[in-house]
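For reference, data_23.csv is printed below; it contains CSV, C-alpha atoms.
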chain,number,residue,atom,x,y,z
H,176,MET,CA,-17.4,90.3,-49.0
H,177,ALA,CA,-18.3,86.7,-48.1
H,178,TRP,CA,-17.2,83.8,-50.2
H,179,ASN,CA,-20.7,82.5,-50.7
H,180,GLU,CA,-22.1,85.8,-51.9
H,181,PRO,CA,-22.2,86.8,-55.5
H,182,GLY,CA,-18.8,88.0,-56.5
H,183,GLY,CA,-17.4,86.7,-53.3
H,184,GLY,CA,-14.0,85.1,-52.6
H,185,LYS,CA,-12.7,81.5,-53.2
H,186,ASP,CA,-14.8,78.6,-52.0
H,187,PRO,CA,-12.8,76.7,-49.2
H,188,TRP,CA,-14.4,73.4,-50.3
H,189,GLY,CA,-13.0,73.8,-53.8
H,190,ASN,CA,-16.1,74.9,-55.6
H,191,ARG,CA,-14.7,77.8,-57.5
H,192,GLY,CA,-17.3,80.1,-58.9
H,193,GLU,CA,-20.2,77.6,-58.0
H,194,ARG,CA,-23.0,78.4,-55.8
H,195,GLY,CA,-24.2,76.2,-52.9
H,196,PRO,CA,-22.8,72.8,-51.6
H,197,PRO,CA,-22.0,69.9,-53.8
H,198,ASP,CA,-24.9,67.9,-55.3
H,199,LEU,CA,-25.4,64.7,-53.4
H,200,ASP,CA,-27.3,63.1,-56.2
H,201,GLU,CA,-24.3,63.7,-58.4
H,202,VAL,CA,-22.0,62.0,-55.9
H,203,VAL,CA,-24.3,58.9,-55.7
H,204,ARG,CA,-24.5,58.7,-59.4
H,205,LYS,CA,-20.8,58.7,-59.8
H,206,LEU,CA,-20.4,56.0,-57.2
H,207,GLN,CA,-23.0,53.8,-59.0
H,208,GLN,CA,-21.2,54.3,-62.3
H,209,ARG,CA,-17.9,53.2,-60.8
H,210,LEU,CA,-19.5,50.1,-59.2
H,211,GLY,CA,-21.2,49.2,-62.5
H,212,SER,CA,-17.9,49.5,-64.4
H,213,LEU,CA,-16.3,47.2,-61.8
H,214,PHE,CA,-18.9,44.5,-62.3
H,215,GLY,CA,-18.8,44.7,-66.1
H,216,GLY,CA,-21.7,47.1,-66.8
H,217,GLY,CA,-23.1,50.5,-66.0
H,218,ARG,CA,-26.0,52.8,-66.4
H,219,ALA,CA,-26.3,56.3,-67.9
H,220,GLY,CA,-25.8,59.1,-65.6
H,221,GLY,CA,-28.1,61.9,-64.9
H,222,ASP,CA,-26.4,64.0,-67.6
H,223,GLY,CA,-27.7,61.8,-70.5
H,224,ARG,CA,-24.3,60.8,-71.9
H,225,GLY,CA,-25.4,57.1,-72.5
H,226,GLN,CA,-24.3,53.7,-71.1
H,227,ARG,CA,-20.8,52.3,-70.6
H,228,PRO,CA,-20.0,48.9,-72.3
H,229,SER,CA,-20.1,45.9,-69.9
H,230,ASN,CA,-17.0,43.9,-68.8
H,231,PRO,CA,-17.9,40.3,-68.0
H,232,PHE,CA,-14.3,39.2,-67.4
H,233,ASN,CA,-13.9,41.4,-64.4
H,234,PHE,CA,-17.1,40.2,-62.9
H,235,GLY,CA,-16.2,36.4,-63.3
H,236,LEU,CA,-12.8,36.9,-61.9
H,237,LEU,CA,-14.2,38.5,-58.8
H,238,ILE,CA,-16.7,35.6,-58.4
H,239,LEU,CA,-13.8,33.0,-58.7
H,240,VAL,CA,-11.7,34.9,-56.1
H,241,LEU,CA,-14.6,35.0,-53.7
H,242,ILE,CA,-15.3,31.2,-54.2
H,243,ALA,CA,-11.6,30.4,-53.6
H,244,LEU,CA,-11.5,32.4,-50.4
H,245,TRP,CA,-14.7,30.7,-49.2
H,246,GLY,CA,-13.2,27.3,-49.9
H,247,LEU,CA,-9.9,28.0,-48.3
H,248,SER,CA,-11.8,29.1,-45.1
H,249,GLY,CA,-12.8,25.4,-44.7
H,250,ILE,CA,-9.3,24.3,-43.9
H,251,TYR,CA,-8.6,23.6,-40.2
H,252,ILE,CA,-6.0,21.9,-38.1
H,253,VAL,CA,-6.7,19.6,-35.1
H,254,ASP,CA,-4.0,19.6,-32.4
H,255,GLN,CA,-2.6,16.3,-31.0
H,256,ALA,CA,-4.7,16.6,-27.7
H,257,GLU,CA,-7.9,17.6,-29.5
H,258,ARG,CA,-10.7,16.0,-31.5
H,259,GLY,CA,-12.7,17.8,-34.1
H,260,VAL,CA,-16.5,17.4,-34.2
H,261,VAL,CA,-17.9,18.3,-37.7
H,262,LEU,CA,-21.5,19.6,-37.8
H,263,ARG,CA,-23.5,20.1,-40.9
H,264,PHE,CA,-26.3,22.6,-40.3
H,265,GLY,CA,-26.0,21.7,-36.6
H,266,LYS,CA,-26.2,17.9,-37.1
H,267,TYR,CA,-23.3,15.7,-36.2
H,268,VAL,CA,-21.3,14.4,-39.2
H,269,ALA,CA,-17.9,13.0,-38.1
H,270,THR,CA,-15.1,13.2,-35.6
H,271,THR,CA,-11.7,14.1,-37.0
H,272,LEU,CA,-8.4,13.0,-35.6
H,273,PRO,CA,-5.3,15.3,-35.1
H,274,GLY,CA,-3.9,16.8,-38.3
H,275,PRO,CA,-5.0,19.1,-41.1
H,276,HIS,CA,-8.6,18.7,-42.4
H,277,TRP,CA,-11.1,20.4,-44.7
H,278,HIS,CA,-14.8,20.8,-44.3
H,279,ILE,CA,-17.5,22.7,-46.2
H,280,PRO,CA,-17.2,26.3,-44.9
H,281,TYR,CA,-19.7,28.2,-43.0
H,282,PRO,CA,-22.7,28.3,-43.0
H,283,VAL,CA,-22.9,24.7,-44.3
H,284,GLU,CA,-20.5,23.0,-41.8
H,285,GLN,CA,-18.7,24.1,-38.7
H,286,VAL,CA,-16.1,22.4,-36.5
H,287,ARG,CA,-16.0,22.3,-32.7
H,288,LYS,CA,-12.7,21.2,-31.2
H,289,VAL,CA,-12.7,19.4,-27.8
H,290,ASN,CA,-9.5,18.7,-25.7
H,291,VAL,CA,-9.6,15.1,-24.8
H,292,ALA,CA,-6.1,14.9,-23.1
H,293,ARG,CA,-6.4,17.6,-20.5
H,294,ILE,CA,-7.0,16.3,-17.0
H,295,ARG,CA,-9.7,18.4,-15.4
H,296,THR,CA,-10.4,18.7,-11.6
H,297,MET,CA,-13.6,19.1,-9.7
H,298,GLN,CA,-13.8,19.6,-6.0
H,299,LEU,CA,-16.6,19.0,-3.5
H,300,GLY,CA,-16.7,20.6,-0.1
H,301,SER,CA,-16.0,23.9,1.7
H,302,ARG,CA,-12.5,24.4,0.3
H,303,GLY,CA,-13.4,23.3,-3.2
H,304,GLY,CA,-16.6,25.3,-3.4
H,305,GLY,CA,-18.3,22.5,-5.3
H,306,LEU,CA,-21.4,22.7,-3.2
H,307,GLY,CA,-21.8,26.4,-3.4
H,308,GLY,CA,-19.1,27.0,-0.8
H,309,GLN,CA,-20.9,25.0,1.8
H,310,LYS,CA,-19.5,22.1,3.8
H,311,ALA,CA,-20.2,18.6,2.6
H,312,LEU,CA,-22.1,17.4,5.7
H,313,MET,CA,-23.3,13.9,5.1
H,314,LEU,CA,-25.2,11.4,7.2
H,315,THR,CA,-23.6,8.0,8.0
H,316,LYS,CA,-25.0,4.6,8.6
H,317,ASP,CA,-24.9,5.0,12.4
H,318,GLU,CA,-26.8,8.3,12.2
H,319,ASN,CA,-23.7,10.5,12.7
H,320,ILE,CA,-22.7,13.5,10.6
H,321,VAL,CA,-19.3,13.7,8.9
H,322,ASP,CA,-17.8,16.6,7.1
H,323,VAL,CA,-16.0,15.4,3.9
H,324,GLU,CA,-14.3,16.9,0.9
H,325,LEU,CA,-13.9,15.1,-2.4
H,326,GLU,CA,-11.6,15.8,-5.4
H,327,VAL,CA,-12.4,14.2,-8.7
H,328,GLN,CA,-10.0,14.3,-11.7
H,329,TYR,CA,-11.5,13.4,-15.1
H,330,ARG,CA,-11.1,13.8,-18.8
H,331,VAL,CA,-13.2,13.7,-22.0
H,332,LYS,CA,-13.2,10.2,-23.6
H,333,ASP,CA,-15.8,10.8,-26.3
H,334,ALA,CA,-16.0,14.2,-27.8
H,335,ARG,CA,-19.4,13.6,-29.5
H,336,ALA,CA,-21.1,12.4,-26.3
H,337,TYR,CA,-19.5,15.3,-24.4
H,338,LEU,CA,-21.0,17.9,-26.7
H,339,PHE,CA,-24.5,16.4,-27.4
H,340,ASN,CA,-25.7,13.8,-24.9
H,341,VAL,CA,-26.0,15.9,-21.8
H,342,ARG,CA,-26.2,19.6,-21.2
H,343,ASP,CA,-23.2,21.0,-19.3
H,344,PRO,CA,-21.4,17.8,-18.6
H,345,ASP,CA,-19.1,19.4,-15.9
H,346,THR,CA,-22.1,20.4,-13.8
H,347,VAL,CA,-23.6,16.9,-14.3
H,348,LEU,CA,-20.3,15.4,-13.0
H,349,GLN,CA,-20.4,17.5,-9.9
H,350,GLN,CA,-23.9,16.5,-9.1
H,351,VAL,CA,-23.2,12.8,-9.8
H,352,ALA,CA,-20.1,12.9,-7.6
H,353,GLU,CA,-22.1,14.4,-4.7
H,354,SER,CA,-24.8,11.8,-5.1
H,355,ALA,CA,-22.4,8.9,-5.2
H,356,LEU,CA,-20.4,10.1,-2.2
H,357,ARG,CA,-23.6,10.5,-0.1
H,358,GLU,CA,-24.6,7.0,-1.1
H,359,VAL,CA,-21.3,5.4,-0.1
H,360,VAL,CA,-21.0,7.4,3.1
H,361,GLY,CA,-24.6,6.6,4.0
H,362,LYS,CA,-23.7,2.8,3.9
H,363,SER,CA,-20.7,3.2,6.2
H,364,THR,CA,-20.2,4.1,9.9
H,365,MET,CA,-18.5,7.3,11.0
H,366,ASP,CA,-15.5,5.6,12.4
H,367,PHE,CA,-15.0,3.7,9.2
H,368,VAL,CA,-15.2,6.8,7.1
H,369,ILE,CA,-12.8,8.8,9.3
H,370,THR,CA,-10.2,6.2,10.1
H,371,THR,CA,-9.6,2.9,8.4
H,372,GLY,CA,-12.2,2.9,5.6
H,373,ARG,CA,-11.3,6.1,3.8
H,374,ALA,CA,-9.6,4.1,0.9
H,375,GLU,CA,-12.6,1.9,0.5
H,376,VAL,CA,-15.0,4.9,0.5
H,377,VAL,CA,-12.9,6.6,-2.2
H,378,ASP,CA,-12.8,3.4,-4.3
H,379,GLY,CA,-16.5,2.8,-4.0
H,380,THR,CA,-17.3,6.4,-4.9
H,381,GLU,CA,-15.1,6.3,-8.0
H,382,LYS,CA,-16.8,3.2,-9.3
H,383,LEU,CA,-20.3,4.6,-8.7
H,384,ILE,CA,-19.5,7.9,-10.4
H,385,GLN,CA,-18.2,6.1,-13.5
H,386,GLN,CA,-21.2,3.8,-13.6
H,387,ILE,CA,-23.7,6.8,-13.5
H,388,LEU,CA,-21.7,8.8,-16.1
H,389,ASP,CA,-21.7,5.8,-18.5
H,390,ARG,CA,-25.4,5.4,-17.9
H,391,TYR,CA,-26.0,9.0,-18.9
H,392,GLY,CA,-23.6,8.8,-21.8
H,393,ALA,CA,-21.7,11.9,-20.7
H,394,GLY,CA,-18.5,11.0,-22.5
H,395,LEU,CA,-16.4,11.6,-19.4
H,396,GLU,CA,-13.9,9.2,-17.8
H,397,VAL,CA,-12.9,9.5,-14.1
H,398,THR,CA,-9.1,9.1,-13.7
H,399,SER,CA,-8.8,9.4,-9.9
H,400,VAL,CA,-10.8,10.3,-6.8
H,401,ASN,CA,-9.2,11.6,-3.6
H,402,MET,CA,-10.8,12.4,-0.2
H,403,PRO,CA,-8.3,14.8,1.4
H,404,TYR,CA,-10.5,15.7,4.4
H,405,ALA,CA,-13.0,13.7,6.4
H,406,GLN,CA,-13.7,14.8,10.0
H,407,PRO,CA,-16.6,15.2,12.3
H,408,PRO,CA,-18.4,18.6,12.5
H,409,ASP,CA,-16.6,21.4,14.3
H,410,GLN,CA,-19.0,21.3,17.2
H,411,VAL,CA,-18.0,17.8,18.3
H,412,LYS,CA,-14.5,17.6,16.8
H,413,SER,CA,-12.8,17.8,20.2
H,414,ALA,CA,-14.7,14.9,21.6
H,415,PHE,CA,-14.0,12.8,18.6
H,416,ASP,CA,-10.3,13.7,18.8
H,417,ASP,CA,-10.3,12.4,22.3
H,418,ALA,CA,-12.0,9.2,21.3
H,419,ILE,CA,-9.5,8.7,18.4
H,420,LYS,CA,-6.6,9.3,20.8
H,421,ALA,CA,-8.0,6.7,23.3
H,422,ARG,CA,-8.4,4.3,20.4
H,423,GLU,CA,-4.8,4.9,19.4
H,424,ASP,CA,-3.6,4.4,22.9
H,425,GLU,CA,-5.5,1.1,23.1
H,426,GLN,CA,-3.9,-0.1,20.0
H,427,ARG,CA,-0.5,0.9,21.2
H,428,TYR,CA,-1.0,-1.0,24.5
H,429,LYS,CA,-2.1,-4.0,22.6
H,430,ASN,CA,1.0,-3.9,20.4
H,431,GLU,CA,3.2,-3.6,23.5
H,432,ALA,CA,1.5,-6.5,25.1
H,433,GLU,CA,1.8,-8.6,22.0
H,434,ALA,CA,5.5,-7.7,21.8
H,435,TYR,CA,6.0,-8.7,25.4
H,436,ALA,CA,4.1,-12.0,24.9
H,437,ASN,CA,6.2,-12.7,21.8
H,438,GLY,CA,9.3,-12.3,23.9
H,439,ILE,CA,8.1,-14.5,26.8
H,440,ILE,CA,6.3,-17.3,25.1
H,441,PRO,CA,9.2,-18.6,23.0
H,442,VAL,CA,11.4,-18.6,26.1
H,443,ALA,CA,8.8,-20.6,28.0
H,444,ARG,CA,8.4,-23.0,25.1
H,445,GLY,CA,12.1,-23.5,25.0
H,446,ASP,CA,12.3,-24.2,28.7
H,447,ALA,CA,9.4,-26.6,28.4
H,448,ALA,CA,11.0,-28.4,25.5
H,449,ARG,CA,14.3,-28.6,27.5
H,450,LEU,CA,12.5,-30.1,30.5
H,451,LEU,CA,10.8,-32.6,28.4
H,452,GLN,CA,14.0,-33.6,26.8
H,453,ASP,CA,15.7,-33.9,30.2
H,454,ALA,CA,12.8,-36.1,31.5
H,455,GLN,CA,13.0,-38.3,28.4
H,456,GLY,CA,16.8,-38.6,28.8
H,457,TYR,CA,16.4,-39.5,32.6
H,458,LYS,CA,13.7,-42.0,31.7
H,459,ALA,CA,15.8,-43.6,29.1
H,460,SER,CA,18.8,-43.8,31.5
H,461,VAL,CA,16.8,-45.3,34.3
H,462,VAL,CA,15.2,-47.8,32.0
H,463,ALA,CA,18.5,-48.7,30.5
H,464,GLU,CA,20.1,-49.1,33.9
H,465,ALA,CA,17.2,-51.3,35.1
H,466,GLU,CA,17.5,-53.4,32.0
H,467,GLY,CA,21.2,-53.8,32.5
H,468,ARG,CA,20.8,-54.8,36.1
H,469,THR,CA,18.1,-57.3,35.2
H,470,SER,CA,20.3,-58.7,32.5
H,471,ARG,CA,23.3,-59.0,34.9
H,472,PHE,CA,21.1,-60.6,37.5
H,473,LEU,CA,19.8,-63.2,35.0
H,474,GLN,CA,23.4,-64.0,34.0
H,475,LEU,CA,24.4,-64.3,37.6
H,476,LEU,CA,21.5,-66.5,38.3
H,477,THR,CA,22.5,-68.8,35.4
H,478,ALA,CA,26.0,-69.0,36.7
H,479,TYR,CA,24.8,-69.6,40.3
H,480,ARG,CA,22.7,-72.6,39.2
H,481,LYS,CA,25.7,-74.1,37.5
H,482,ALA,CA,28.2,-73.5,40.4
H,483,PRO,CA,26.6,-72.2,43.6
H,484,ALA,CA,29.8,-72.2,45.8
H,485,VAL,CA,32.0,-70.5,43.3
H,486,THR,CA,29.4,-67.9,42.5
H,487,ARG,CA,28.9,-67.2,46.2
H,488,GLU,CA,32.6,-66.8,46.8
H,489,ARG,CA,32.9,-64.5,43.8
H,490,MET,CA,29.9,-62.4,44.9
H,491,TYR,CA,31.4,-62.1,48.4
H,492,LEU,CA,34.8,-61.0,47.1
H,493,ASP,CA,33.3,-58.5,44.7
H,494,THR,CA,31.1,-57.0,47.4
H,495,MET,CA,34.0,-56.7,49.9
H,496,GLN,CA,36.2,-55.1,47.2
H,497,GLN,CA,33.5,-52.6,46.4
H,498,VAL,CA,32.9,-51.8,50.1
H,499,LEU,CA,36.5,-51.7,51.2
H,500,GLY,CA,37.5,-49.8,48.1
H,501,ASN,CA,35.6,-46.8,49.3
H,502,SER,CA,36.8,-47.0,52.9
H,503,THR,CA,39.7,-45.0,54.3
H,504,LYS,CA,40.0,-47.0,57.6
H,505,VAL,CA,40.1,-50.8,58.1
H,506,PHE,CA,40.0,-52.7,61.4
H,507,LEU,CA,41.2,-56.3,61.6
H,508,ASP,CA,39.8,-58.6,64.3
H,509,VAL,CA,42.5,-61.2,64.9
H,510,LYS,CA,41.4,-64.7,65.9
H,511,ARG,CA,42.5,-65.7,69.4
H,512,GLY,CA,43.9,-62.4,70.3
H,513,ASN,CA,42.9,-59.2,71.9
H,514,ASN,CA,44.7,-56.8,69.6
H,515,VAL,CA,42.8,-55.0,66.9
H,516,PHE,CA,44.9,-53.8,64.0
H,517,TYR,CA,44.1,-50.5,62.4
H,518,LEU,CA,45.2,-49.8,58.9
H,519,PRO,CA,45.0,-46.0,57.9
H,520,LEU,CA,44.3,-46.6,54.3
H,521,ASP,CA,44.0,-42.8,53.6
H,522,ARG,CA,47.5,-42.2,54.8
H,523,LEU,CA,48.8,-45.3,53.0
H,524,ARG,CA,47.3,-44.0,49.8
H,525,GLY,CA,48.6,-40.5,50.4
H,526,SER,CA,52.2,-41.7,51.1
H,527,ARG,CA,52.5,-43.9,47.9
H,528,ALA,CA,54.2,-41.0,46.2
H,529,GLY,CA,56.8,-40.9,49.0
H,530,GLY,CA,58.5,-44.3,48.2
H,531,ALA,CA,58.4,-47.8,49.7
H,532,ALA,CA,56.9,-47.0,53.0
H,533,VAL,CA,53.5,-48.2,51.8
H,534,PRO,CA,54.6,-51.7,50.8
H,535,ALA,CA,56.6,-52.1,54.0
H,536,ALA,CA,53.7,-51.1,56.2
H,537,ALA,CA,51.3,-53.3,54.2
H,538,ALA,CA,53.7,-56.2,54.4
H,539,ALA,CA,54.1,-55.8,58.2
H,540,ALA,CA,50.4,-55.7,58.7
H,541,ALA,CA,49.9,-58.7,56.4
H,542,GLY,CA,52.6,-60.6,58.3
H,543,THR,CA,51.1,-59.9,61.6
H,544,ALA,CA,47.7,-60.9,60.5
H,545,GLY,CA,49.0,-64.0,58.9
H,546,GLY,CA,51.0,-65.1,62.1
H,547,HIS,CA,47.9,-65.1,64.1
H,548,ASP,CA,45.7,-66.8,61.5
H,549,SER,CA,48.1,-69.5,60.3
H,550,GLY,CA,46.9,-72.2,62.7
H,551,ASP,CA,43.2,-72.2,62.2
H,552,ASP,CA,41.0,-71.6,59.2
H,553,SER,CA,37.8,-73.1,60.7
H,554,ARG,CA,36.1,-69.7,61.0
H,555,GLY,CA,35.7,-69.5,57.2
H,556,ARG,CA,35.3,-66.3,55.3
H,557,ASP,CA,33.0,-64.7,58.0
H,558,SER,CA,36.1,-64.4,60.3
H,559,ARG,CA,38.6,-63.3,57.7
H,560,GLY,CA,38.0,-59.7,58.1
H,561,ARG,CA,35.7,-57.1,59.5
H,562,GLY,CA,35.7,-53.7,58.2
H,563,GLY,CA,34.5,-50.5,59.7
H,564,ARG,CA,35.1,-46.9,59.7
Structure re-expressed in structure tokens:
Amino acid sequence: MAWNEPGGGKDPWGNRGERGPPDLDEVVRKLQQRLGSLFGGGRAGGDGRGQRPSNPFNFGLLILVLIALWGLSGIYIVDQAERGVVLRFGKYVATTLPGPHWHIPYPVEQVRKVNVARIRTMQLGSRGGGLGGQKALMLTKDENIVDVELEVQYRVKDARAYLFNVRDPDTVLQQVAESALREVVGKSTMDFVITTGRAEVVDGTEKLIQQILDRYGAGLEVTSVNMPYAQPPDQVKSAFDDAIKAREDEQRYKNEAEAYANGIIPVARGDAARLLQDAQGYKASVVAEAEGRTSRFLQLLTAYRKAPAVTRERMYLDTMQQVLGNSTKVFLDVKRGNNVFYLPLDRLRGSRAGGAAVPAAAAAAAGTAGGHDSGDDSRGRDSRGRGGR
């Protein structure tokens, strides 16, 4: 016989001897009674047994516990690299510094934390994907097209401005960087952007980006800007590479020519200075010699005016001494005779080291000349001797 039939077996749900499922109204009524007793009061059940006495102590304690938990939920901690922005019903109230703080819990106030120390990076160009994965092709001042890539590093300097002044500040920075770069590149030539002017382009772009962000009040600060890539388009890159190589060769040849000139010019200047000094020295020696001769002639003239005969005799002797002193052979024309005496002065000078042969030969020659000239001195000094080589 089935358990739910009259006189059946045991109910598997525990309803012994009862018919049908448990009464749901009874279950709900019991639950209400338990909740009522928890909050300090109750209502009579469906069985008419009356009301339970209320318990106000339990209800107040529960309220105090809930209020304490709600108040403790307002404690928050701001990290060293963050700033806390407190909002009251969505309106800005204050910015809190690192450390523990408390605010009126939700839904009255809420705190939004912003990291102001982290360096963020944004890239423009084909590799950075800042322009939707497209290449940053820009028009230059000389109507050429250049492919550039830009890398911007920035951080949050004002948490309140970053959250409320502009919508999506990071996207705004990307658009501002692209606009600033196009403006700077548009004012420069292609050669300037690709070769020597890359640093100036980066510097001008950084300043322009910061000016626009400050004008918008975006609360961002640009820390550095780099341009790792700046080349002509791929279609004409080979031609520009050839032009750049030719320019580099030109510069190299100029440097070599300057180095050669720097090596030759100082030598030429040194030779010129040496020649000038030699000329000045020769000039000074010639002038000094001329002045010396002039002074000697004037002194001789003064002496000649005082004693003409003596001066003439002295001049004659000095001249003969100077002429005969450089001669190696002397011929003596003897008066009233046909013999010509030859004095080999070079041999006489060379044999001086041999002994007394030189004095003897000189004495013999002098004696012979004296024997012939002892009787007559009327010829004067013109017949005293003739020299020749």
Close residues, Val341 (chain H) itself excluded, 8 Å, all atoms listed in the file, min 3 positions apart in chain, as a PyMOL selection string: chain H and resi 336-338+344+347+391-393
Option closest in space to Pro408 (chain H), from H:Leu388, H:Leu348, H:Ala454, H:Leu314 [counting all atoms listed in the file]: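 The answer is H:Leu314, which sits nearest to Pro408 (chain H).
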Separation of CA of Phe339 (chain H) from CA of Gln285 (chain H), in Å and rounded to one decimal: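 Value for the CA of Phe339 (chain H)-CA of Gln285 (chain H) distance: 14.9 Å.
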Distance of CA of Ser413 (chain H) from CA of Gln426 (chain H), expressed in Å to one decimal place: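 Taking CA of Gln426 (chain H) as the start and CA of Ser413 (chain H) as the end point, the length is 20.0 Å.
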d(CA of Glu324 (chain H), CA of Ala311 (chain H)) in Å: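 A separation of 6.4 Å between them.
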Nearest-residue call for Ile250 (chain H), choices H:Lys266, H:His278, H:Arg357, H:Arg427, using all atoms listed in the file: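 Closest to Ile250 (chain H), using all atoms listed in the file: H:His278.
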From H:Ala334, H:Leu325, H:Val286, H:Val268, residue lying nearest Gln298 (chain H) [all atoms listed in the file]: H:Leu325
